[in-house]
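Quick look at target-v6.tsv (TSV, C-alpha atoms):
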```tsv
chain	number	residue	atom	x	y	z
Q	321	ASP	CA	41.85	37.43	-16.22
Q	322	THR	CA	42.01	38.06	-12.45
Q	323	LEU	CA	38.23	37.90	-12.18
Q	324	SER	CA	38.02	34.53	-13.91
Q	325	ALA	CA	40.73	33.07	-11.65
Q	326	LEU	CA	38.77	34.29	-8.60
Q	327	ASP	CA	35.65	32.71	-10.04
Q	328	ILE	CA	37.41	29.37	-10.44
Q	329	VAL	CA	38.81	29.51	-6.89
Q	330	GLY	CA	35.36	30.42	-5.56
Q	331	VAL	CA	33.74	27.51	-7.38
Q	332	VAL	CA	36.37	25.08	-6.08
Q	333	ILE	CA	35.87	26.30	-2.50
Q	334	LEU	CA	32.08	26.03	-2.90
Q	335	MET	CA	32.37	22.47	-4.24
Q	336	PHE	CA	34.64	21.54	-1.32
Q	337	CYS	CA	32.16	22.98	1.19
Q	338	LEU	CA	29.25	21.16	-0.44
Q	339	ARG	CA	31.21	17.89	-0.28
Q	340	VAL	CA	31.91	18.40	3.44
Q	341	VAL	CA	28.24	19.19	4.14
Q	342	ALA	CA	27.08	16.12	2.15
Q	343	LYS	CA	29.45	13.84	4.10
Q	344	ASN	CA	28.25	15.33	7.37
Q	345	ASN	CA	24.60	14.79	6.38
Q	346	ALA	CA	25.28	11.16	5.48
Q	347	TYR	CA	27.01	10.62	8.84
Q	348	LEU	CA	24.14	12.24	10.76
Q	349	LYS	CA	21.59	10.16	8.87
Q	350	ARG	CA	23.45	6.95	9.75
Q	351	MET	CA	23.66	7.96	13.40
Q	352	TYR	CA	19.96	8.85	13.50
Q	353	ASP	CA	18.97	5.54	11.90
Q	354	GLU	CA	21.03	3.61	14.45
Q	355	ASP	CA	19.56	5.57	17.38
Q	356	CYS	CA	15.92	5.43	16.27
Q	357	LEU	CA	14.80	1.85	15.88
Q	358	THR	CA	11.18	1.37	14.89
Q	359	ILE	CA	8.86	-1.60	14.40
Q	360	THR	CA	9.83	-1.67	10.71
Q	361	HIS	CA	13.31	-2.82	11.75
Q	362	TYR	CA	11.70	-5.98	13.16
Q	363	THR	CA	8.86	-6.57	10.70
Q	364	VAL	CA	8.69	-9.21	7.99
Q	365	GLN	CA	6.23	-9.24	5.11
Q	366	VAL	CA	5.35	-12.56	3.50
Q	367	PHE	CA	3.42	-12.78	0.24
Q	368	ASN	CA	1.43	-15.47	-1.64
Q	369	LEU	CA	0.56	-17.72	1.29
Q	370	PRO	CA	-2.03	-20.47	0.98
Q	371	HIS	CA	-5.50	-19.14	1.72
Q	372	ASP	CA	-6.05	-21.47	4.68
Q	373	THR	CA	-2.89	-20.41	6.56
Q	374	THR	CA	-3.64	-19.36	10.14
Q	375	ARG	CA	-1.97	-16.84	12.44
Q	376	GLU	CA	-0.99	-19.61	14.80
Q	377	GLU	CA	0.75	-21.60	12.05
Q	378	LEU	CA	2.73	-18.55	11.01
Q	379	GLN	CA	3.68	-17.69	14.56
Q	380	VAL	CA	4.94	-21.23	15.22
Q	381	PHE	CA	6.81	-21.28	11.89
Q	382	PHE	CA	8.68	-18.03	12.57
Q	383	GLN	CA	9.30	-18.76	16.26
Q	384	LYS	CA	10.95	-22.10	15.45
Q	385	ARG	CA	13.29	-20.46	12.95
Q	386	TYR	CA	13.94	-16.96	14.31
Q	387	GLY	CA	12.87	-16.76	17.95
Q	388	GLU	CA	10.14	-14.82	19.70
Q	389	VAL	CA	7.32	-13.39	17.55
Q	390	ALA	CA	5.42	-10.48	19.09
Q	391	ASP	CA	2.40	-10.57	16.77
Q	392	VAL	CA	1.15	-11.91	13.47
Q	393	CYS	CA	-1.26	-9.96	11.31
Q	394	ILE	CA	-2.86	-11.38	8.17
Q	395	ALA	CA	-4.17	-8.79	5.74
Q	396	TYR	CA	-5.67	-8.82	2.25
Q	397	ASN	CA	-4.41	-6.54	-0.47
Q	398	ASP	CA	-7.90	-5.50	-1.56
Q	399	SER	CA	-7.72	-1.77	-2.37
Q	400	ASP	CA	-9.00	-2.38	-5.92
Q	401	LEU	CA	-11.95	-4.30	-4.51
Q	402	LEU	CA	-12.76	-1.48	-2.10
Q	403	GLU	CA	-12.71	0.99	-4.99
Q	404	LEU	CA	-15.21	-1.14	-6.92
Q	405	TYR	CA	-17.51	-1.26	-3.88
Q	406	ARG	CA	-17.24	2.54	-3.63
Q	407	GLN	CA	-18.21	2.90	-7.31
Q	408	ARG	CA	-21.12	0.53	-6.76
Q	409	GLY	CA	-22.33	2.63	-3.82
Q	410	VAL	CA	-22.19	5.82	-5.91
Q	411	LEU	CA	-24.22	4.14	-8.67
Q	412	LYS	CA	-26.81	2.89	-6.15
Q	413	ARG	CA	-27.26	6.41	-4.78
Q	414	LYS	CA	-27.72	7.71	-8.33
Q	415	ILE	CA	-30.37	5.03	-8.91
Q	416	GLN	CA	-32.27	6.17	-5.83
Q	417	SER	CA	-32.07	9.78	-7.00
Q	418	ALA	CA	-33.25	8.85	-10.52
Q	419	ARG	CA	-36.20	6.87	-9.08
Q	420	ILE	CA	-37.26	9.85	-7.01
Q	421	LYS	CA	-37.18	12.02	-10.14
Q	422	ASP	CA	-39.04	9.33	-12.14
Q	423	GLU	CA	-36.20	9.03	-14.67
Q	424	LEU	CA	-36.84	5.39	-15.57
Q	425	GLU	CA	-34.47	5.31	-18.56
Q	426	LYS	CA	-31.64	6.59	-16.40
Q	427	VAL	CA	-32.48	3.99	-13.73
Q	428	GLU	CA	-32.16	1.17	-16.28
Q	429	ASP	CA	-28.79	2.46	-17.49
Q	430	LEU	CA	-27.50	2.81	-13.94
Q	431	GLN	CA	-28.71	-0.69	-13.02
Q	432	TRP	CA	-26.86	-2.07	-16.05
Q	433	ARG	CA	-23.71	-0.28	-14.86
Q	434	VAL	CA	-24.18	-1.72	-11.35
Q	435	THR	CA	-24.42	-5.19	-12.90
Q	436	LYS	CA	-21.11	-4.62	-14.73
Q	437	VAL	CA	-19.42	-3.43	-11.51
Q	438	ASP	CA	-20.83	-6.48	-9.68
Q	439	GLU	CA	-19.25	-8.71	-12.34
Q	440	GLN	CA	-15.91	-6.96	-11.83
Q	441	ILE	CA	-16.26	-7.40	-8.07
Q	442	LEU	CA	-16.87	-11.14	-8.42
Q	443	LYS	CA	-13.94	-11.54	-10.79
Q	444	LEU	CA	-11.60	-9.60	-8.50
Q	445	ARG	CA	-12.76	-11.52	-5.41
Q	446	GLU	CA	-11.88	-14.77	-7.18
Q	447	GLN	CA	-8.45	-13.39	-8.05
Q	448	LEU	CA	-7.88	-12.24	-4.46
Q	449	GLU	CA	-8.95	-15.56	-2.99
Q	450	GLY	CA	-5.38	-16.76	-2.51
Q	451	VAL	CA	-3.55	-13.43	-2.32
Q	452	ARG	CA	-2.76	-12.34	1.20
Q	453	LEU	CA	-0.12	-10.25	2.85
Q	454	VAL	CA	1.27	-11.33	6.21
Q	455	VAL	CA	3.19	-9.12	8.58
Q	456	CYS	CA	5.13	-10.82	11.38
Q	457	ALA	CA	6.65	-8.64	14.06
```
Just give me the structure of the file as structure tokens.
Amino acid sequence: DTLSALDIVGVVILMFCLRVVAKNNAYLKRMYDEDCLTITHYTVQVFNLPHDTTREELQVFFQKRYGEVADVCIAYNDSDLLELYRQRGVLKRKIQSARIKDELEKVEDLQWRVTKVDEQILKLREQLEGVRLVVCA
């Protein structure tokens, strides 16, 4: 009976200490965030802009509404496209290797696969035509 009461008191004290430590961590995190400003605190991302939008147009737009703009960067979200180009490069190297080894049947299969990847590349490029990511700082 005495042991279980001590256990309960110990658990309550432990929970209290954990609560104090958690509050202290939250306070320290807030203080750190306020003291350490980075470029992300002043960066804006804009999606789905018209394809013909220029850096200058964006800079003027944001300066008129929000004040000084340090820089404008226009980027494409094309990681899937880069992966397809990488796959195409691997297939092309395999074709060269198969030609050296005189494996004509393998060359034909690999060329067919390159054609399929090229079709995917064209389709994805069309989809990405109007998709851009803009970062204004």
- Task: Have a look at Q:Thr363, Q:Ile333, Q:Ile394, Q:Ala342 and name the one nearest to Leu378 in chain Q; count only C-alpha atoms.
- Result: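 Residue with the minimum atom-to-atom distance to Leu378 in chain Q: Q:Ile394.
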- In Å, rounded to a single decimal, give me how far CA of Ile420 in chain Q is from CA of Arg408 in chain Q.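 Distance between the two atoms: 18.6 Å.
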- One decimal, Å: what's the distance from CA of Gly330 in chain Q over to CA of Ala346 in chain Q, could you say?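 Here the two named atoms are 24.4 Å from each other.
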- What is the CA of Lys426 in chain Q-CA of Asp400 in chain Q distance in Å, reported with one decimal? 26.5 Å
- Message: When you count all atoms listed in the file, which of these residues is closest to Ser417 in chain Q: Q:Leu348, Q:Ile328, Q:Leu430, Q:Ile441?
- Response: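 Among the listed residues, the smallest separation from Ser417 in chain Q belongs to Q:Leu430.
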